[in-house]
>>> print(open('run-v4.tsv').read())   # TSV, N, CA and C atoms
chain	number	residue	atom	x	y	z
A	1	MET	N	-48.82	21.57	-40.38
A	1	MET	CA	-48.21	22.54	-39.50
A	1	MET	C	-49.02	23.82	-39.54
A	2	HIS	N	-50.23	23.76	-39.01
A	2	HIS	CA	-51.14	24.93	-39.03
A	2	HIS	C	-51.28	25.50	-37.63
A	3	ARG	N	-50.18	25.78	-37.00
A	3	ARG	CA	-50.25	26.35	-35.67
A	3	ARG	C	-49.36	27.58	-35.60
A	4	ASP	N	-49.63	28.36	-34.59
A	4	ASP	CA	-48.85	29.57	-34.39
A	4	ASP	C	-47.86	29.37	-33.25
A	5	LEU	N	-46.77	30.10	-33.32
A	5	LEU	CA	-45.78	30.09	-32.25
A	5	LEU	C	-45.81	31.44	-31.55
A	6	HIS	N	-45.57	31.43	-30.25
A	6	HIS	CA	-45.47	32.66	-29.48
A	6	HIS	C	-44.13	33.33	-29.80
A	7	VAL	N	-44.18	34.61	-30.13
A	7	VAL	CA	-42.95	35.36	-30.38
A	7	VAL	C	-42.65	36.15	-29.12
A	8	SER	N	-42.05	35.45	-28.19
A	8	SER	CA	-41.64	36.10	-26.95
A	8	SER	C	-40.34	35.45	-26.52
A	9	GLY	N	-39.60	36.13	-25.70
A	9	GLY	CA	-38.36	35.56	-25.19
A	9	GLY	C	-37.41	35.15	-26.30
A	10	PRO	N	-37.04	33.86	-26.32
A	10	PRO	CA	-36.00	33.40	-27.25
A	10	PRO	C	-36.33	33.65	-28.72
A	11	LEU	N	-37.55	33.36	-29.15
A	11	LEU	CA	-37.87	33.51	-30.57
A	11	LEU	C	-37.80	34.98	-30.99
A	12	CYS	N	-38.25	35.87	-30.15
A	12	CYS	CA	-38.16	37.30	-30.45
A	12	CYS	C	-36.69	37.71	-30.59
A	13	LEU	N	-35.85	37.26	-29.68
A	13	LEU	CA	-34.42	37.59	-29.75
A	13	LEU	C	-33.76	37.01	-31.00
A	14	ILE	N	-34.17	35.80	-31.38
A	14	ILE	CA	-33.61	35.19	-32.59
A	14	ILE	C	-34.00	36.01	-33.83
A	15	PHE	N	-35.26	36.42	-33.90
A	15	PHE	CA	-35.69	37.25	-35.04
A	15	PHE	C	-34.95	38.59	-35.05
A	16	LEU	N	-34.76	39.20	-33.88
A	16	LEU	CA	-34.03	40.46	-33.82
A	16	LEU	C	-32.57	40.26	-34.25
A	17	MET	N	-31.95	39.18	-33.76
A	17	MET	CA	-30.57	38.88	-34.15
A	17	MET	C	-30.48	38.66	-35.66
A	18	SER	N	-31.44	37.96	-36.20
A	18	SER	CA	-31.46	37.70	-37.64
A	18	SER	C	-31.63	39.00	-38.42
A	19	ALA	N	-32.47	39.90	-37.92
A	19	ALA	CA	-32.68	41.19	-38.59
A	19	ALA	C	-31.37	41.98	-38.62
A	20	VAL	N	-30.70	42.07	-37.49
A	20	VAL	CA	-29.45	42.83	-37.41
A	20	VAL	C	-28.39	42.19	-38.30
A	21	PHE	N	-28.27	40.87	-38.24
A	21	PHE	CA	-27.27	40.15	-39.04
A	21	PHE	C	-27.53	40.35	-40.53
A	22	THR	N	-28.79	40.21	-40.93
A	22	THR	CA	-29.15	40.34	-42.35
A	22	THR	C	-28.98	41.77	-42.84
A	23	LEU	N	-29.45	42.74	-42.06
A	23	LEU	CA	-29.33	44.14	-42.46
A	23	LEU	C	-27.88	44.59	-42.51
A	24	SER	N	-27.03	44.04	-41.65
A	24	SER	CA	-25.62	44.41	-41.69
A	24	SER	C	-24.95	43.92	-42.98
A	25	GLY	N	-25.51	42.90	-43.58
A	25	GLY	CA	-24.99	42.40	-44.85
A	25	GLY	C	-25.09	43.41	-45.97
A	26	ILE	N	-26.02	44.36	-45.84
A	26	ILE	CA	-26.15	45.40	-46.87
A	26	ILE	C	-24.87	46.21	-46.97
A	27	ALA	N	-24.25	46.49	-45.85
A	27	ALA	CA	-23.00	47.27	-45.86
A	27	ALA	C	-21.89	46.51	-46.58
A	28	LEU	N	-21.90	45.19	-46.44
A	28	LEU	CA	-20.85	44.39	-47.06
A	28	LEU	C	-21.10	44.12	-48.54
A	29	PHE	N	-22.29	43.63	-48.84
A	29	PHE	CA	-22.57	43.20	-50.22
A	29	PHE	C	-23.10	44.35	-51.09
A	30	GLY	N	-23.72	45.33	-50.47
A	30	GLY	CA	-24.19	46.49	-51.23
A	30	GLY	C	-23.07	47.46	-51.55
A	31	PHE	N	-22.04	47.45	-50.70
A	31	PHE	CA	-20.90	48.36	-50.87
A	31	PHE	C	-19.60	47.55	-50.77
A	32	PRO	N	-19.32	46.72	-51.77
A	32	PRO	CA	-18.18	45.80	-51.68
A	32	PRO	C	-16.82	46.48	-51.66
A	33	ALA	N	-16.74	47.74	-52.03
A	33	ALA	CA	-15.44	48.43	-52.00
A	33	ALA	C	-15.16	49.05	-50.64
A	34	SER	N	-16.10	48.93	-49.69
A	34	SER	CA	-15.90	49.52	-48.37
A	34	SER	C	-14.86	48.73	-47.57
A	35	MET	N	-14.33	49.36	-46.51
A	35	MET	CA	-13.33	48.68	-45.70
A	35	MET	C	-13.89	47.44	-45.00
A	36	PRO	N	-15.10	47.49	-44.39
A	36	PRO	CA	-15.63	46.27	-43.78
A	36	PRO	C	-15.77	45.12	-44.79
A	37	ALA	N	-16.20	45.45	-46.00
A	37	ALA	CA	-16.35	44.41	-47.03
A	37	ALA	C	-15.01	43.83	-47.42
A	38	SER	N	-14.00	44.67	-47.56
A	38	SER	CA	-12.68	44.14	-47.93
A	38	SER	C	-12.12	43.28	-46.81
A	39	LEU	N	-12.36	43.65	-45.55
A	39	LEU	CA	-11.91	42.83	-44.42
A	39	LEU	C	-12.61	41.47	-44.40
A	40	ALA	N	-13.86	41.45	-44.87
A	40	ALA	CA	-14.62	40.20	-44.91
A	40	ALA	C	-14.30	39.36	-46.14
A	41	GLY	N	-13.51	39.91	-47.05
A	41	GLY	CA	-13.13	39.16	-48.24
A	41	GLY	C	-14.10	39.28	-49.38
A	42	VAL	N	-14.96	40.29	-49.35
A	42	VAL	CA	-15.90	40.50	-50.44
A	42	VAL	C	-15.14	41.12	-51.61
A	43	PRO	N	-15.26	40.55	-52.81
A	43	PRO	CA	-14.57	41.15	-53.96
A	43	PRO	C	-15.10	42.55	-54.25
A	44	ALA	N	-14.20	43.49	-54.49
A	44	ALA	CA	-14.60	44.89	-54.68
A	44	ALA	C	-15.24	45.14	-56.04
A	45	ALA	N	-14.85	44.39	-57.04
A	45	ALA	CA	-15.34	44.65	-58.41
A	45	ALA	C	-16.59	43.80	-58.68
A	46	VAL	N	-17.72	44.29	-58.19
A	46	VAL	CA	-19.00	43.61	-58.40
A	46	VAL	C	-19.90	44.55	-59.18
A	47	PRO	N	-20.50	44.06	-60.28
A	47	PRO	CA	-21.40	44.92	-61.07
A	47	PRO	C	-22.54	45.49	-60.20
A	48	ALA	N	-22.92	46.72	-60.51
A	48	ALA	CA	-23.93	47.43	-59.73
A	48	ALA	C	-25.25	46.67	-59.64
A	49	VAL	N	-25.64	45.98	-60.69
A	49	VAL	CA	-26.91	45.26	-60.67
A	49	VAL	C	-26.90	44.18	-59.59
A	50	TYR	N	-25.78	43.49	-59.39
A	50	TYR	CA	-25.70	42.44	-58.37
A	50	TYR	C	-25.65	43.05	-56.98
A	51	ARG	N	-24.95	44.18	-56.84
A	51	ARG	CA	-24.92	44.88	-55.55
A	51	ARG	C	-26.32	45.33	-55.17
A	52	ALA	N	-27.03	45.90	-56.13
A	52	ALA	CA	-28.38	46.40	-55.86
A	52	ALA	C	-29.33	45.26	-55.49
A	53	LEU	N	-29.28	44.17	-56.23
A	53	LEU	CA	-30.16	43.03	-55.93
A	53	LEU	C	-29.86	42.44	-54.56
A	54	ALA	N	-28.58	42.29	-54.24
A	54	ALA	CA	-28.20	41.76	-52.93
A	54	ALA	C	-28.71	42.67	-51.82
A	55	ALA	N	-28.54	43.97	-52.00
A	55	ALA	CA	-28.99	44.93	-50.99
A	55	ALA	C	-30.51	44.90	-50.84
A	56	VAL	N	-31.24	44.82	-51.96
A	56	VAL	CA	-32.70	44.78	-51.90
A	56	VAL	C	-33.19	43.53	-51.18
A	57	PHE	N	-32.62	42.38	-51.49
A	57	PHE	CA	-33.05	41.15	-50.83
A	57	PHE	C	-32.69	41.15	-49.35
A	58	MET	N	-31.51	41.65	-49.01
A	58	MET	CA	-31.13	41.71	-47.60
A	58	MET	C	-31.99	42.70	-46.84
A	59	LEU	N	-32.31	43.82	-47.46
A	59	LEU	CA	-33.20	44.79	-46.82
A	59	LEU	C	-34.59	44.17	-46.61
A	60	SER	N	-35.10	43.50	-47.63
A	60	SER	CA	-36.43	42.89	-47.54
A	60	SER	C	-36.48	41.83	-46.44
A	61	PHE	N	-35.52	40.91	-46.44
A	61	PHE	CA	-35.52	39.86	-45.42
A	61	PHE	C	-35.22	40.43	-44.04
A	62	GLY	N	-34.30	41.38	-43.95
A	62	GLY	CA	-33.99	41.98	-42.66
A	62	GLY	C	-35.20	42.66	-42.05
A	63	LEU	N	-35.94	43.42	-42.85
A	63	LEU	CA	-37.15	44.07	-42.35
A	63	LEU	C	-38.23	43.05	-42.01
A	64	LEU	N	-38.29	41.97	-42.78
A	64	LEU	CA	-39.25	40.91	-42.46
A	64	LEU	C	-38.93	40.28	-41.11
A	65	TYR	N	-37.66	39.99	-40.83
A	65	TYR	CA	-37.29	39.43	-39.53
A	65	TYR	C	-37.62	40.40	-38.41
A	66	LEU	N	-37.41	41.69	-38.65
A	66	LEU	CA	-37.75	42.70	-37.65
A	66	LEU	C	-39.26	42.72	-37.41
A	67	ALA	N	-40.03	42.68	-38.48
A	67	ALA	CA	-41.49	42.66	-38.35
A	67	ALA	C	-41.96	41.41	-37.59
A	68	LEU	N	-41.34	40.27	-37.85
A	68	LEU	CA	-41.71	39.04	-37.15
A	68	LEU	C	-41.40	39.15	-35.66
A	69	ALA	N	-40.29	39.80	-35.33
A	69	ALA	CA	-39.93	39.97	-33.92
A	69	ALA	C	-40.95	40.82	-33.17
A	70	LEU	N	-41.67	41.67	-33.88
A	70	LEU	CA	-42.64	42.57	-33.26
A	70	LEU	C	-44.04	41.97	-33.16
A	71	GLN	N	-44.23	40.77	-33.69
A	71	GLN	CA	-45.54	40.12	-33.64
A	71	GLN	C	-45.71	39.36	-32.32
A	72	ARG	N	-46.96	39.11	-31.95
A	72	ARG	CA	-47.23	38.27	-30.76
A	72	ARG	C	-47.12	36.79	-31.12
A	73	ARG	N	-47.61	36.46	-32.30
A	73	ARG	CA	-47.61	35.06	-32.76
A	73	ARG	C	-47.28	35.04	-34.25
A	74	VAL	N	-46.62	33.98	-34.69
A	74	VAL	CA	-46.37	33.78	-36.12
A	74	VAL	C	-46.65	32.32	-36.45
A	75	PRO	N	-47.10	32.06	-37.66
A	75	PRO	CA	-47.31	30.68	-38.07
A	75	PRO	C	-46.00	29.89	-38.04
A	76	ALA	N	-46.08	28.66	-37.60
A	76	ALA	CA	-44.88	27.82	-37.52
A	76	ALA	C	-44.21	27.68	-38.88
A	77	VAL	N	-44.99	27.67	-39.95
A	77	VAL	CA	-44.43	27.53	-41.29
A	77	VAL	C	-43.54	28.72	-41.63
A	78	ILE	N	-43.83	29.89	-41.10
A	78	ILE	CA	-42.99	31.06	-41.34
A	78	ILE	C	-41.64	30.89	-40.66
A	79	VAL	N	-41.64	30.36	-39.45
A	79	VAL	CA	-40.38	30.09	-38.75
A	79	VAL	C	-39.57	29.06	-39.52
A	80	LEU	N	-40.24	28.03	-40.02
A	80	LEU	CA	-39.56	27.02	-40.82
A	80	LEU	C	-38.99	27.62	-42.10
A	81	PHE	N	-39.75	28.49	-42.75
A	81	PHE	CA	-39.28	29.16	-43.96
A	81	PHE	C	-38.06	30.04	-43.66
A	82	ALA	N	-38.10	30.77	-42.55
A	82	ALA	CA	-36.96	31.62	-42.17
A	82	ALA	C	-35.71	30.76	-41.96
A	83	ALA	N	-35.87	29.63	-41.29
A	83	ALA	CA	-34.73	28.74	-41.08
A	83	ALA	C	-34.21	28.19	-42.41
A	84	MET	N	-35.13	27.82	-43.30
A	84	MET	CA	-34.75	27.31	-44.61
A	84	MET	C	-33.98	28.36	-45.40
A	85	ALA	N	-34.42	29.60	-45.36
A	85	ALA	CA	-33.74	30.68	-46.08
A	85	ALA	C	-32.31	30.84	-45.57
A	86	LYS	N	-32.14	30.76	-44.25
A	86	LYS	CA	-30.80	30.90	-43.66
A	86	LYS	C	-29.91	29.72	-44.06
A	87	VAL	N	-30.45	28.51	-44.04
A	87	VAL	CA	-29.67	27.33	-44.44
A	87	VAL	C	-29.25	27.44	-45.90
A	88	LEU	N	-30.18	27.84	-46.76
A	88	LEU	CA	-29.87	27.96	-48.19
A	88	LEU	C	-28.82	29.03	-48.46
A	89	ALA	N	-28.89	30.14	-47.73
A	89	ALA	CA	-27.87	31.19	-47.89
A	89	ALA	C	-26.50	30.64	-47.52
A	90	PHE	N	-26.42	29.92	-46.41
A	90	PHE	CA	-25.14	29.35	-46.01
A	90	PHE	C	-24.65	28.32	-47.02
A	91	LEU	N	-25.55	27.44	-47.47
A	91	LEU	CA	-25.15	26.41	-48.44
A	91	LEU	C	-24.67	27.01	-49.75
A	92	ALA	N	-25.27	28.10	-50.17
A	92	ALA	CA	-24.82	28.77	-51.40
A	92	ALA	C	-23.38	29.23	-51.24
A	93	PHE	N	-23.07	29.86	-50.11
A	93	PHE	CA	-21.71	30.32	-49.87
A	93	PHE	C	-20.74	29.17	-49.65
A	94	ALA	N	-21.20	28.10	-49.00
A	94	ALA	CA	-20.34	26.94	-48.81
A	94	ALA	C	-19.97	26.32	-50.16
A	95	GLY	N	-20.95	26.24	-51.06
A	95	GLY	CA	-20.67	25.72	-52.40
A	95	GLY	C	-19.70	26.62	-53.15
A	96	LEU	N	-19.89	27.92	-53.05
A	96	LEU	CA	-18.96	28.85	-53.70
A	96	LEU	C	-17.56	28.76	-53.08
A	97	TRP	N	-17.50	28.55	-51.78
A	97	TRP	CA	-16.21	28.40	-51.10
A	97	TRP	C	-15.50	27.13	-51.59
A	98	LEU	N	-16.26	26.04	-51.69
A	98	LEU	CA	-15.69	24.78	-52.19
A	98	LEU	C	-15.17	24.93	-53.61
A	99	ALA	N	-15.83	25.76	-54.39
A	99	ALA	CA	-15.41	26.00	-55.78
A	99	ALA	C	-14.27	27.01	-55.86
A	100	GLY	N	-13.88	27.58	-54.72
A	100	GLY	CA	-12.80	28.56	-54.72
A	100	GLY	C	-13.22	29.96	-55.12
A	101	SER	N	-14.52	30.22	-55.10
A	101	SER	CA	-15.02	31.52	-55.56
A	101	SER	C	-15.18	32.55	-54.45
A	102	VAL	N	-15.21	32.12	-53.20
A	102	VAL	CA	-15.29	33.06	-52.08
A	102	VAL	C	-14.23	32.70	-51.05
A	103	SER	N	-13.86	33.71	-50.28
A	103	SER	CA	-12.80	33.52	-49.28
A	103	SER	C	-13.31	32.79	-48.04
A	104	THR	N	-12.36	32.25	-47.30
A	104	THR	CA	-12.70	31.61	-46.03
A	104	THR	C	-13.30	32.63	-45.06
A	105	GLN	N	-12.79	33.87	-45.08
A	105	GLN	CA	-13.36	34.90	-44.20
A	105	GLN	C	-14.84	35.11	-44.50
A	106	MET	N	-15.19	35.13	-45.79
A	106	MET	CA	-16.58	35.34	-46.16
A	106	MET	C	-17.43	34.16	-45.71
A	107	LEU	N	-16.93	32.96	-45.87
A	107	LEU	CA	-17.69	31.79	-45.43
A	107	LEU	C	-17.90	31.83	-43.91
A	108	LEU	N	-16.87	32.20	-43.18
A	108	LEU	CA	-17.01	32.29	-41.73
A	108	LEU	C	-18.01	33.37	-41.34
A	109	MET	N	-18.00	34.47	-42.06
A	109	MET	CA	-18.94	35.55	-41.79
A	109	MET	C	-20.38	35.08	-42.02
A	110	VAL	N	-20.59	34.38	-43.11
A	110	VAL	CA	-21.94	33.92	-43.45
A	110	VAL	C	-22.37	32.74	-42.59
A	111	SER	N	-21.44	32.15	-41.86
A	111	SER	CA	-21.80	31.01	-41.00
A	111	SER	C	-22.77	31.43	-39.90
A	112	GLY	N	-22.90	32.73	-39.66
A	112	GLY	CA	-23.93	33.20	-38.73
A	112	GLY	C	-25.32	32.78	-39.18
A	113	ASP	N	-25.52	32.63	-40.49
A	113	ASP	CA	-26.82	32.18	-41.00
A	113	ASP	C	-27.15	30.77	-40.54
A	114	ILE	N	-26.17	29.90	-40.50
A	114	ILE	CA	-26.44	28.52	-40.09
A	114	ILE	C	-26.72	28.46	-38.59
A	115	VAL	N	-26.06	29.34	-37.83
A	115	VAL	CA	-26.32	29.42	-36.39
A	115	VAL	C	-27.75	29.90	-36.15
A	116	ILE	N	-28.15	30.93	-36.87
A	116	ILE	CA	-29.52	31.45	-36.73
A	116	ILE	C	-30.53	30.39	-37.14
A	117	ALA	N	-30.26	29.66	-38.22
A	117	ALA	CA	-31.16	28.59	-38.65
A	117	ALA	C	-31.32	27.54	-37.56
A	118	ALA	N	-30.22	27.16	-36.94
A	118	ALA	CA	-30.28	26.16	-35.86
A	118	ALA	C	-31.10	26.68	-34.68
A	119	LEU	N	-30.93	27.95	-34.35
A	119	LEU	CA	-31.70	28.55	-33.25
A	119	LEU	C	-33.19	28.60	-33.59
A	120	LEU	N	-33.51	28.95	-34.83
A	120	LEU	CA	-34.92	28.98	-35.25
A	120	LEU	C	-35.54	27.58	-35.18
A	121	LEU	N	-34.81	26.58	-35.66
A	121	LEU	CA	-35.33	25.21	-35.62
A	121	LEU	C	-35.48	24.71	-34.19
A	122	HIS	N	-34.55	25.11	-33.33
A	122	HIS	CA	-34.65	24.73	-31.91
A	122	HIS	C	-35.89	25.37	-31.27
A	123	ALA	N	-36.12	26.65	-31.57
A	123	ALA	CA	-37.31	27.33	-31.04
A	123	ALA	C	-38.58	26.67	-31.56
A	124	LEU	N	-38.58	26.30	-32.82
A	124	LEU	CA	-39.73	25.62	-33.42
A	124	LEU	C	-39.98	24.29	-32.73
A	125	ALA	N	-38.93	23.52	-32.54
A	125	ALA	CA	-39.07	22.21	-31.88
A	125	ALA	C	-39.49	22.36	-30.42
A	126	SER	N	-38.94	23.36	-29.74
A	126	SER	CA	-39.27	23.56	-28.33
A	126	SER	C	-40.75	23.91	-28.14
A	127	GLN	N	-41.25	24.79	-29.00
A	127	GLN	CA	-42.66	25.16	-28.87
A	127	GLN	C	-43.57	24.05	-29.37
A	128	SER	N	-43.06	23.18	-30.23
A	128	SER	CA	-43.86	22.04	-30.70
A	128	SER	C	-44.16	21.08	-29.56
A	129	LYS	N	-43.23	20.96	-28.63
A	129	LYS	CA	-43.44	20.08	-27.48
A	129	LYS	C	-44.55	20.59	-26.59
A	130	ASP	N	-44.76	21.92	-26.58
A	130	ASP	CA	-45.77	22.52	-25.73
A	130	ASP	C	-47.17	22.39	-26.30
A	131	VAL	N	-47.29	22.04	-27.60
A	131	VAL	CA	-48.60	21.94	-28.24
A	131	VAL	C	-49.14	20.53	-28.09
A	132	PRO	N	-50.38	20.38	-27.56
A	132	PRO	CA	-50.94	19.02	-27.38
A	132	PRO	C	-51.22	18.33	-28.68
>>> encode(input="run-v4.tsv", output="structure tokens")
Amino acid sequence: MHRDLHVSGPLCLIFLMSAVFTLSGIALFGFPASMPASLAGVPAAVPAVYRALAAVFMLSFGLLYLALALQRRVPAVIVLFAAMAKVLAFLAFAGLWLAGSVSTQMLLMVSGDIVIAALLLHALASQSKDVP
């Protein structure tokens, strides 16, 4: 998979949507005592080290998705990696939900990651058809 994908139209919008979705997670997981976090079912009593790490990773990935949206072309493997990261984030929360550790509201909120992953994979497959 050594080819580039055009970042225009749908793929650009998917990366922008992913950036906004991921960066908005900072408000919830970085500040779990906030009203939006409590509405989403995020536990308020989270040690600062976990809040900081969650915020740093969400900031890093959110800015990466934004940077990808601003490129003309990106390697297909990067799109695949972005989709994989979104699937793994959702699966982590689904496993925690099955174990009773997170609320249904939180699982539903994080389900946006699986939607974004599906959109990324669809964009990858669509552009793959265009390559001889």
>>> residues_around(input="run-v4.tsv", residues="Pro75 (chain A)", least_positions_apart="4", cutoff="12 Å", atoms="only C-alpha atoms", output="ChimeraX atom specification")
/A:1-7,68,71,79-82,124,127-128
>>> closest_residue(input="run-v4.tsv", among="A:Leu64, A:Ala76, A:Leu70, A:Ser103", to="Ser38 (chain A)", atoms="only C-alpha atoms")
A:Ser103
>>> closest_residue(input="run-v4.tsv", among="A:Ala33, A:Leu23, A:Ala118, A:Val77", to="Ala48 (chain A)", atoms="only C-alpha atoms")
A:Ala33
>>> residues_around(input="run-v4.tsv", residues="Ala83 (chain A)", least_positions_apart="4", cutoff="12 Å", atoms="only C-alpha atoms", output="PyMOL selection string")
chain A and resi 11+14-15+18+61+65+76-79+87-90+112-124
>>> atom_distance(input="run-v4.tsv", atom1="CA of Ser34 (chain A)", atom2="atom C of Leu108 (chain A)")
17.7 Å
>>> closest_residue(input="run-v4.tsv", among="A:Ser126, A:Ser8, A:Thr104, A:Ser60", to="Ala40 (chain A)", atoms="all atoms listed in the file")
A:Thr104
>>> closest_residue(input="run-v4.tsv", among="A:Gly30, A:Gly100, A:Pro36, A:Pro10", to="Arg51 (chain A)", atoms="all atoms listed in the file")
A:Gly30
>>> atom_distance(input="run-v4.tsv", atom1="CA of Gly62 (chain A)", atom2="CA of Val110 (chain A)")
14.5 Å
>>> select_by_dssp(input="run-v4.tsv", residues="chain A", states="helix (DSSP H, G or I)", output="ChimeraX atom specification")
/A:10-30,35-40,48-69,76-98,104-130
>>> residues_around(input="run-v4.tsv", residues="region 53-55 of chain A", least_positions_apart="3", cutoff="7 Å", atoms="all atoms listed in the file", output="ChimeraX atom specification")
/A:25-26,29-30,48-50,58-60
>>> atom_distance(input="run-v4.tsv", atom1="atom C of Leu66 (chain A)", atom2="CA of Val20 (chain A)")
9.8 Å
>>> closest_residue(input="run-v4.tsv", among="A:Ala52, A:Ala85, A:Met109, A:Val42", to="Phe21 (chain A)", atoms="only C-alpha atoms")
A:Met109
>>> closest_residue(input="run-v4.tsv", among="A:Arg73, A:Ala19, A:Leu63, A:Pro43", to="Ser101 (chain A)", atoms="only C-alpha atoms")
A:Pro43
